[in-house]
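Colleague: What follows is a structure written as structure tokens; I'll ask about it next.
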Amino acid sequence: MMPRGTVHAVWIAVDDGIAEQVKNAAEAHKSLRAQWSADARWRTYGLRKAEAARRRAAWRTEVARLRQVGELLDTKDVIVEYGVREELTARGWDHDWDPAPEEAWDQGRWPGSRDRGPGGYPDRVSARLDADLVAQAMAACWWSSAPAIEQLRAWRDLHPGLTPPRYQLDEDGRRRLAGPLAEYARLAEQVTTTGTIWRAGVTRGLAHARTLIPAQPTGEHTAQA
């Protein structure tokens with residue numbers, strides 16, 4: 001069991017503009033948090049110090065609860081973490097796994113991982129995620145990919161002179177492959193890297209955060225106010 005508050009930093013490659021969208025969503029949720037904190041239940045003005053301290057603690061507990069259930073996503077860390085949990089749940093991977101082996105944590109690329117394309121992902125999102133969640137995602141990716149990874153290693157031993165596709169292939173590109181390279185592509189598609197999970201987490205977290213942001217009044221409504 002990790003000590004309370006232990007986190008793991010991740011860098012997530014994303015499409016252009018996504019980092020700014022995550023930042024904006026977090027700022028909008030910070031405004032929501034400020035509005036909710038003004039509720040009479042959390043006010044401390046005029047209270048004795050002990051009671052004020054208890055009320056501030058109660059508010060911190062409420063903020064933690066709201067973040068946990070996905071009703072307040074006021075930091076980019078919370079946005080990504082909420083999305084990663086949702087992605088693991090959607091895949092049926094939100095359960096205990098045997099720990100991933102040490103090789104899974106190496107900085108090198110996993111067998112079967114490929115670049116998106118010549119342009120890659122031009123933007124980055126950094127997030128500090130719960131270390132237990134990161135370990136769960138790592139284990140889920142590794143063990144669900146392990147059979148394909150072993151076969152890809154065997155493929156490389158059998159075909160030392162062949163260079164597999166460097167980039168992700170679309171359906172037409174996969175159809176053009178034949179023989180051993182087609183087999184490599186088939187196996188590579190069965191490998192899920194943590195980068196895939198982190199990007200899906202950003203997408204899910206950002207989409208959910210937006211659903212909770214109150215709609216802004218239109219210019220017409222504003223003019224009539």
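Just remember, in the structure tokens the first chain shown is A, the second B, etc., residues are 1-based per chain, and ligands are 1-based in the order shown.
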Write out, as JSON lines, each residue of region 123-196 of chain A that has an atom at most 12 Å from region 20-43 of chain A, together with the closest pair of atoms and their distance in Å to one decimal, counting only C-alpha atoms, rows going by chain and rising number.

Modeller:
{"residue": "A:Asp123", "atom": "CA", "partner": "A:Glu20", "partner_atom": "CA", "distance": 9.5}
{"residue": "A:Arg124", "atom": "CA", "partner": "A:Glu20", "partner_atom": "CA", "distance": 9.8}
{"residue": "A:Val125", "atom": "CA", "partner": "A:Val22", "partner_atom": "CA", "distance": 8.3}
{"residue": "A:Ser126", "atom": "CA", "partner": "A:Val22", "partner_atom": "CA", "distance": 10.5}
{"residue": "A:Ala127", "atom": "CA", "partner": "A:Val22", "partner_atom": "CA", "distance": 10.8}

Colleague: Mind checking DSSP for chain A and telling me the strand (DSSP E) residues as a PyMOL selection string?

Modeller: chain A and resi 7-14+123-130

Colleague: Apply DSSP to the backbone of this structure and, from region 90-203 of chain A, keep only the residues in alpha helix (DSSP H); write these as a ChimeraX atom specification.

Modeller: /A:90-91,131-158,171-176,179-188,194-203

Colleague: In Å to one decimal, how far is CA of Asp94 (chain A) from CA of Ala9 (chain A)?

Modeller: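 Separating CA of Ala9 (chain A) from CA of Asp94 (chain A) is a distance of 20.2 Å.
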
Colleague: Might you pull out every residue within 12 Å of region 144-150 of chain A, with only C-alpha atoms counted and same-chain residues fewer than 5 positions away left off, and present them as a PyMOL selection string?

Modeller: chain A and resi 91-93+97-98+100-101+103-104+109-113+136-139+155-157+183-194

Colleague: Please measure the separation of CA of Leu212 (chain A) and CA of Asp74 (chain A), giving the value in Å to one decimal.

Modeller: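 If I compute the distance from CA of Leu212 (chain A) to CA of Asp74 (chain A), I get 11.1 Å.
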
Colleague: Pick the closest to Ala135 (chain A) from A:Arg60, A:Trp105, A:Arg175, A:Leu162: which is it, counting only C-alpha atoms?

Modeller: A:Trp105

Colleague: Just the number, please: distance in Å from CA of Thr75 (chain A) to CA of Arg56 (chain A), one decimal.

Modeller: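 That distance, rounded to one decimal, is 19.6 Å.
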
Colleague: So, with only C-alpha atoms as the atoms that count, which of A:Arg116, A:Arg176, A:His95, A:Arg85 lies closest to Gly70 (chain A)?

Modeller: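 Looking only at the distances to Gly70 (chain A), the closest residue turns out to be A:Arg85.
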